[in-house]
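Q: File name query-v9.pdb; file contents PDB, C-alpha atoms; full text below.
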```pdb
MODEL        1
ATOM      1  CA  MET F 530     -21.811   2.544 -29.570
ATOM      2  CA  PHE F 531     -19.901   0.245 -27.230
ATOM      3  CA  ASN F 532     -18.761  -3.137 -28.418
ATOM      4  CA  GLN F 533     -21.083  -5.379 -26.400
ATOM      5  CA  HIS F 534     -18.226  -7.682 -25.350
ATOM      6  CA  ASN F 535     -16.581  -4.837 -23.438
ATOM      7  CA  TYR F 536     -19.355  -3.945 -21.015
ATOM      8  CA  LEU F 537     -18.533  -6.394 -18.236
ATOM      9  CA  LEU F 538     -14.947  -5.321 -17.801
ATOM     10  CA  ILE F 539     -15.979  -1.698 -17.728
ATOM     11  CA  ILE F 540     -18.416  -2.355 -14.939
ATOM     12  CA  ILE F 541     -16.199  -4.612 -12.839
ATOM     13  CA  PRO F 542     -13.475  -1.987 -12.343
ATOM     14  CA  PHE F 543     -15.931   0.833 -11.682
ATOM     15  CA  VAL F 544     -17.874  -1.172  -9.108
ATOM     16  CA  LEU F 545     -14.751  -1.108  -6.942
ATOM     17  CA  PHE F 546     -15.200   2.620  -6.437
ATOM     18  CA  THR F 547     -18.936   3.145  -6.202
ATOM     19  CA  SER F 548     -20.861   4.036  -3.067
ATOM     20  CA  ALA F 549     -24.457   3.656  -1.980
ATOM     21  CA  ASN F 550     -24.534   7.367  -1.053
ATOM     22  CA  GLY F 551     -24.447  10.419  -3.302
ATOM     23  CA  ALA F 552     -25.577  11.003  -6.865
ATOM     24  CA  ARG F 553     -26.050   8.467  -9.636
ATOM     25  CA  TYR F 554     -24.073   8.614 -12.874
ATOM     26  CA  GLU F 555     -23.840   6.751 -16.154
ATOM     27  CA  PHE F 556     -20.483   6.301 -17.865
ATOM     28  CA  VAL F 557     -19.943   6.608 -21.628
ATOM     29  CA  ALA F 558     -16.548   5.588 -23.037
ATOM     30  CA  ASP F 559     -14.827   7.737 -25.646
ATOM     31  CA  ASN F 560     -14.683   5.055 -28.311
ATOM     32  CA  ASP F 561     -15.960   1.655 -29.371
ATOM     33  CA  GLN F 562     -12.735  -0.074 -28.359
ATOM     34  CA  VAL F 563     -13.306   1.047 -24.740
ATOM     35  CA  TYR F 564      -9.891  -0.091 -23.522
ATOM     36  CA  GLU F 565      -6.752   1.880 -24.233
ATOM     37  CA  GLU F 566      -3.129   0.960 -23.813
ATOM     38  CA  CYS F 567      -1.206   2.609 -20.981
ATOM     39  CA  ARG F 568       1.026   4.709 -23.204
ATOM     40  CA  ASP F 569       2.997   5.930 -20.202
ATOM     41  CA  MET F 570       3.885   2.313 -19.336
ATOM     42  CA  PRO F 571       5.521   0.709 -22.403
ATOM     43  CA  GLY F 572       6.009  -3.029 -22.225
ATOM     44  CA  THR F 573       2.788  -3.738 -20.333
ATOM     45  CA  MET F 574      -0.034  -5.885 -21.721
ATOM     46  CA  GLY F 575      -3.506  -4.549 -22.343
ATOM     47  CA  VAL F 576      -6.619  -6.264 -21.034
ATOM     48  CA  HIS F 577      -6.908  -8.512 -24.093
ATOM     49  CA  GLY F 578      -3.477  -9.916 -23.309
ATOM     50  CA  ALA F 579      -4.959 -11.429 -20.176
ATOM     51  CA  PHE F 580      -8.504 -12.481 -21.131
ATOM     52  CA  ASP F 581     -10.290 -13.947 -24.131
ATOM     53  CA  PHE F 582     -13.895 -12.725 -24.338
ATOM     54  CA  THR F 583     -14.809 -14.376 -27.640
ATOM     55  CA  ASP F 584     -17.504 -16.543 -26.011
ATOM     56  CA  LEU F 585     -18.825 -13.963 -23.558
ATOM     57  CA  HIS F 586     -22.100 -12.439 -24.759
ATOM     58  CA  MET F 587     -23.848  -9.326 -23.519
ATOM     59  CA  GLU F 588     -26.991  -7.524 -24.510
ATOM     60  CA  TYR F 589     -27.927  -4.000 -23.482
ATOM     61  CA  ARG F 590     -31.550  -3.842 -22.281
ATOM     62  CA  ASP F 591     -33.199  -0.734 -20.825
ATOM     63  CA  GLY F 592     -30.327   0.574 -18.709
ATOM     64  CA  SER F 593     -28.886  -2.802 -17.779
ATOM     65  CA  ILE F 594     -26.784  -5.505 -19.395
ATOM     66  CA  HIS F 595     -27.759  -9.153 -19.742
ATOM     67  CA  VAL F 596     -24.665 -11.392 -19.574
ATOM     68  CA  TYR F 597     -24.159 -15.042 -20.537
ATOM     69  CA  GLY F 598     -21.414 -17.306 -21.850
ATOM     70  CA  ASN F 599     -17.828 -17.693 -20.721
ATOM     71  CA  SER F 600     -14.400 -16.055 -20.695
ATOM     72  CA  THR F 601     -10.931 -17.601 -20.585
ATOM     73  CA  ASN F 602      -7.711 -16.599 -18.824
ATOM     74  CA  ILE F 603      -4.834 -16.162 -21.283
ATOM     75  CA  TYR F 604      -2.466 -14.418 -18.873
ATOM     76  CA  LYS F 605       0.849 -15.997 -19.907
ATOM     77  CA  GLY F 606       4.017 -16.150 -17.848
ATOM     78  CA  THR F 607       2.336 -16.757 -14.517
ATOM     79  CA  GLN F 608       2.166 -19.763 -12.240
ATOM     80  CA  PRO F 609      -0.964 -20.914 -10.347
ATOM     81  CA  THR F 610       0.898 -20.284  -7.084
ATOM     82  CA  ASP F 611       1.775 -16.676  -7.974
ATOM     83  CA  ILE F 612       0.382 -13.756  -6.006
ATOM     84  CA  VAL F 613      -1.582 -11.346  -8.183
ATOM     85  CA  GLN F 614      -1.634  -7.731  -7.065
ATOM     86  CA  LEU F 615      -3.952  -5.044  -8.407
ATOM     87  CA  LEU F 616      -4.014  -1.265  -8.336
ATOM     88  CA  GLY F 617      -6.948   0.763  -9.636
ATOM     89  CA  GLU F 618      -7.016   4.563  -9.756
ATOM     90  CA  LEU F 619      -9.803   6.858 -10.903
ATOM     91  CA  TYR F 620      -8.873  10.267 -12.316
ATOM     92  CA  LYS F 621     -10.970  13.301 -13.234
ATOM     93  CA  PHE F 622      -9.977  15.784 -15.940
ATOM     94  CA  GLN F 623      -9.799  19.247 -14.360
ATOM     95  CA  GLN F 624      -7.808  22.390 -15.054
ATOM     96  CA  GLY F 625      -6.314  20.897 -18.209
ATOM     97  CA  ASP F 626      -4.891  17.736 -16.651
ATOM     98  CA  TRP F 627      -5.834  14.401 -15.084
ATOM     99  CA  GLN F 628      -6.275  14.900 -11.349
ATOM    100  CA  PRO F 629      -6.375  12.008  -8.869
ATOM    101  CA  THR F 630      -9.649  11.402  -7.038
ATOM    102  CA  PRO F 631     -10.136   9.780  -3.610
ATOM    103  CA  PHE F 632     -11.046   6.540  -5.403
ATOM    104  CA  THR F 633      -8.044   4.215  -5.355
ATOM    105  CA  ILE F 634      -8.003   0.514  -4.596
ATOM    106  CA  TRP F 635      -4.965  -1.624  -3.782
ATOM    107  CA  VAL F 636      -5.392  -5.396  -3.559
ATOM    108  CA  LYS F 637      -2.286  -7.086  -2.165
ATOM    109  CA  ASP F 638      -3.404 -10.651  -2.969
ATOM    110  CA  PHE F 639      -6.239 -10.728  -5.487
ATOM    111  CA  CYS F 640      -6.267 -14.528  -5.690
ATOM    112  CA  ALA F 641      -7.069 -14.723  -1.971
ATOM    113  CA  VAL F 642     -10.184 -12.560  -2.359
ATOM    114  CA  GLN F 643     -11.235 -12.996  -5.991
ATOM    115  CA  PHE F 644     -14.268 -15.073  -4.976
ATOM    116  CA  ASN F 645     -14.707 -13.784  -1.424
ATOM    117  CA  PRO F 646     -18.433 -13.077  -0.836
ATOM    118  CA  THR F 647     -17.652  -9.883   1.116
ATOM    119  CA  THR F 648     -16.040  -8.129  -1.870
ATOM    120  CA  PRO F 649     -18.035  -5.807  -4.146
ATOM    121  CA  TRP F 650     -16.897  -7.620  -7.282
ATOM    122  CA  TYR F 651     -18.220 -10.914  -5.893
ATOM    123  CA  GLN F 652     -21.724  -9.507  -5.557
ATOM    124  CA  PHE F 653     -21.453  -8.031  -9.008
ATOM    125  CA  TRP F 654     -19.625 -10.779 -10.914
ATOM    126  CA  GLY F 655     -17.984 -13.584  -8.880
ATOM    127  CA  ARG F 656     -21.151 -15.159  -7.539
ATOM    128  CA  HIS F 657     -22.294 -15.788 -11.123
ATOM    129  CA  VAL F 658     -19.211 -17.879 -11.962
ATOM    130  CA  HIS F 659     -19.783 -21.642 -11.665
ATOM    131  CA  LYS F 660     -18.215 -22.932  -8.442
ATOM    132  CA  ALA F 661     -16.034 -25.466 -10.252
ATOM    133  CA  ASP F 662     -14.442 -22.617 -12.236
ATOM    134  CA  ARG F 663     -13.498 -20.392  -9.299
ATOM    135  CA  LYS F 664      -9.761 -20.345  -9.809
ATOM    136  CA  CYS F 665      -7.532 -17.288  -9.881
ATOM    137  CA  VAL F 666      -6.777 -15.270 -12.988
ATOM    138  CA  ASN F 667      -3.214 -16.635 -12.855
ATOM    139  CA  VAL F 668      -4.360 -20.095 -13.994
ATOM    140  CA  TYR F 669      -3.672 -20.076 -17.735
ATOM    141  CA  GLY F 670      -6.476 -21.550 -19.817
ATOM    142  CA  GLN F 671      -9.022 -21.454 -16.979
ATOM    143  CA  THR F 672     -12.489 -20.794 -18.347
ATOM    144  CA  TYR F 673     -15.131 -18.988 -16.310
ATOM    145  CA  HIS F 674     -18.596 -20.267 -17.159
ATOM    146  CA  HIS F 675     -21.276 -17.840 -15.995
ATOM    147  CA  ASP F 676     -24.880 -18.258 -15.004
ATOM    148  CA  GLU F 677     -26.955 -15.739 -16.919
ATOM    149  CA  PHE F 678     -27.279 -12.489 -15.004
ATOM    150  CA  THR F 679     -28.221  -8.842 -15.389
ATOM    151  CA  VAL F 680     -26.146  -5.847 -14.339
ATOM    152  CA  ASP F 681     -27.288  -2.269 -13.705
ATOM    153  CA  ILE F 682     -24.842   0.080 -15.461
ATOM    154  CA  GLY F 683     -25.455   3.113 -13.220
ATOM    155  CA  PHE F 684     -22.861   4.140 -10.623
ATOM    156  CA  ASP F 685     -23.216   6.056  -7.348
ATOM    157  CA  PHE F 686     -20.517   8.417  -6.104
ATOM    158  CA  PRO F 687     -20.477  10.481  -2.900
ATOM    159  CA  ILE F 688     -18.797  13.405  -4.727
ATOM    160  CA  ASN F 689     -19.481  15.126  -8.046
ATOM    161  CA  MET F 690     -17.988  12.973 -10.827
ATOM    162  CA  GLU F 691     -19.759  14.598 -13.776
ATOM    163  CA  GLY F 692     -17.412  15.184 -16.706
ATOM    164  CA  ARG F 693     -14.396  13.421 -18.176
ATOM    165  CA  SER F 694     -12.798  10.633 -16.176
ATOM    166  CA  LYS F 695     -10.140   7.987 -16.625
ATOM    167  CA  LEU F 696      -9.839   4.653 -14.875
ATOM    168  CA  LYS F 697      -6.349   3.161 -14.883
ATOM    169  CA  VAL F 698      -5.992  -0.453 -13.800
ATOM    170  CA  ARG F 699      -2.689  -2.247 -13.264
ATOM    171  CA  ALA F 700      -2.138  -5.882 -12.273
ATOM    172  CA  TRP F 701       0.972  -8.012 -11.971
ATOM    173  CA  ALA F 702       2.030 -11.450 -10.762
ATOM    174  CA  VAL F 703       4.598 -11.976  -8.002
ATOM    175  CA  ASP F 704       6.691 -15.099  -7.441
ATOM    176  CA  PRO F 705       5.780 -16.100  -3.841
ATOM    177  CA  LYS F 706       9.261 -17.550  -3.189
ATOM    178  CA  THR F 707      11.336 -14.531  -4.219
ATOM    179  CA  MET F 708       8.603 -11.839  -4.040
ATOM    180  CA  GLN F 709       9.872 -10.599  -7.402
ATOM    181  CA  ARG F 710       7.424  -9.403 -10.043
ATOM    182  CA  ARG F 711       6.974 -11.441 -13.196
ATOM    183  CA  PRO F 712       7.763  -9.443 -16.375
ATOM    184  CA  ASN F 713       4.184  -9.456 -17.628
ATOM    185  CA  GLU F 714       2.330  -6.540 -16.059
ATOM    186  CA  ILE F 715      -1.180  -5.763 -17.265
ATOM    187  CA  CYS F 716      -2.154  -2.131 -17.663
ATOM    188  CA  PHE F 717      -5.205  -0.646 -19.320
ATOM    189  CA  GLN F 718      -7.255   2.483 -19.029
ATOM    190  CA  ILE F 719     -10.804   3.457 -19.834
ATOM    191  CA  VAL F 720     -11.423   7.076 -20.772
ATOM    192  CA  GLY F 721     -14.856   8.651 -21.061
ATOM    193  CA  SER F 722     -17.422  10.800 -19.315
ATOM    194  CA  PHE F 723     -19.818  10.470 -16.408
ATOM    195  CA  TYR F 724     -23.277  11.959 -16.836
ATOM    196  CA  LYS F 725     -25.440  12.665 -13.815
ATOM    197  CA  VAL F 726     -28.802  10.936 -14.018
ATOM    198  CA  LYS F 727     -30.254  11.845 -10.616
TER     199      LYS F 727
ENDMDL
END
```
Spit out the file's structure as structure tokens when you get a sec.
A:
Amino acid sequence: MFNQHNYLLIIIPFVLFTSANGARYEFVADNDQVYEECRDMPGTMGVHGAFDFTDLHMEYRDGSIHVYGNSTNIYKGTQPTDIVQLLGELYKFQQGDWQPTPFTIWVKDFCAVQFNPTTPWYQFWGRHVHKADRKCVNVYGQTYHHDEFTVDIGFDFPINMEGRSKLKVRAWAVDPKTMQRRPNEICFQIVGSFYKVK
């Protein structure tokens, strides 16, 4: 079974890629830890190097997850003025190797859109964060207090995604004066399987 504290971060990355058209799938991670290190990128931090989820509580209820509590940014080595960039790529295991899918997202300035109401993650997560807490992930020690909310854990894809998949997410901070990356890149991956439910 999944560790209940890991559900939200699984869903937030996957919501970036889902579509209202196509078939519906449920995702099951390979292991209880859910997140894996990016072994092909030594020196990067995993997801728990950026966020503390000790006080974030989730309960699985009939195909959805009830969320309450708070999480805290612990992304060291950044400045509140830094630009945070994000790259997410979804892979499918075919013919003995991980093959890229059409689902890739590149966010040039995540801080500028983190709480933008037109983004899919805002509808899913951001709108439930208290307005006073809506600061970027580059603000060390910032706590996100959440209103209680419920999330559907099904995903819709316009192409067949049944079978093994891997989501790889990378994020890094950039000094806005020099446009040089800070030496504290985050990289994690989630490996598991999609099962078609309709």
Q: I'd like the interatomic distance between atom CA of F:Gly721 and atom CA of F:Leu585, to a tenth of an Å.
A: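 Between these atoms lies a distance of 23.1 Å.
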Q: So which residues fall inside 9 Å of (-16.2, -22.8, -19.8) if we count only C-alpha atoms? Mind giving them as a list in words?
A: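 Neighbouring residues, ordered by chain and number, come to Asp584, Gly598, Asn599, Ser600, Thr601, His659, Asp662, Gln671, Thr672, Tyr673, His674 and His675 of chain F.
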Q: Applying 8 Å and only C-alpha atoms, which residues near F:Lys727 remain after dropping the ones on its own chain fewer than 6 positions away? List them as a PyMOL selection string.
A: chain F and resi 552-554
Q: Using all atoms listed in the file, pick whichever of F:Leu619, F:Val658, F:Tyr604, F:Asn667 has the shortest atom-to-atom distance to F:Gly575.
A: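 Residue with the minimum atom-to-atom distance to F:Gly575: F:Tyr604.
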Q: I need the output of the PyMOL selection byres ((chain F and resi 683) around 7) for this file as a ChimeraX atom specification; which residues are they?
A: /F:553-555,681-682,684-685
Q: Please produce a file of the residues just selected, as an mmCIF file, in the coordinates of the input, where the atoms kept are C-alpha atoms.
A:
```cif
data_model
loop_
_atom_site.group_PDB
_atom_site.id
_atom_site.type_symbol
_atom_site.label_atom_id
_atom_site.label_comp_id
_atom_site.auth_asym_id
_atom_site.auth_seq_id
_atom_site.Cartn_x
_atom_site.Cartn_y
_atom_site.Cartn_z
ATOM 1 C CA ARG F 553 -26.050 8.467 -9.636
ATOM 2 C CA TYR F 554 -24.073 8.614 -12.874
ATOM 3 C CA GLU F 555 -23.840 6.751 -16.154
ATOM 4 C CA ASP F 681 -27.288 -2.269 -13.705
ATOM 5 C CA ILE F 682 -24.842 0.080 -15.461
ATOM 6 C CA PHE F 684 -22.861 4.140 -10.623
ATOM 7 C CA ASP F 685 -23.216 6.056 -7.348
#
```
Q: Apply the PyMOL selection byres ((chain F and resi 572) around 9) to the displayed file and report the matching residues as a VMD selection string.
A: chain F and resid 570 to 571 573 to 574 712 to 714
Q: Work out how far atom CA of F:Met587 is from atom CA of F:Pro646, in Å to one decimal.
A: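 Between these atoms lies a distance of 23.6 Å.
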Q: Rank F:Trp635, F:Phe582, F:Phe653, F:Trp701 by their smallest atom-to-atom distance to F:Ile612, using all atoms listed in the file, and report the top residue only.
A: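 Smallest separation from F:Ile612 among the options: F:Trp701.
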Q: When you count all atoms listed in the file, which of these residues is closest to F:Val557: F:Val726, F:Met690, F:Val703, F:Val720?
A: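 Once distances to F:Val557 are computed over all atoms listed in the file, the minimum belongs to F:Val720.
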Q: Please evaluate the PyMOL selection byres ((chain F and resi 566) around 12) against the structure above and give the resulting residues as a VMD selection string.
A: chain F and resid 562 to 565 567 to 578 696 to 699 715 to 720
Q: Once 3 Å is added on each side, what centre and edge lengths in Å to one decimal does the axis-aligned box around all listed atoms of stretch 690-694 of chain F have, as JSON?
A:
```
{"center_x": -16.3, "center_y": 12.9, "center_z": -14.5, "size_x": 13.0, "size_y": 10.6, "size_z": 13.3}
```
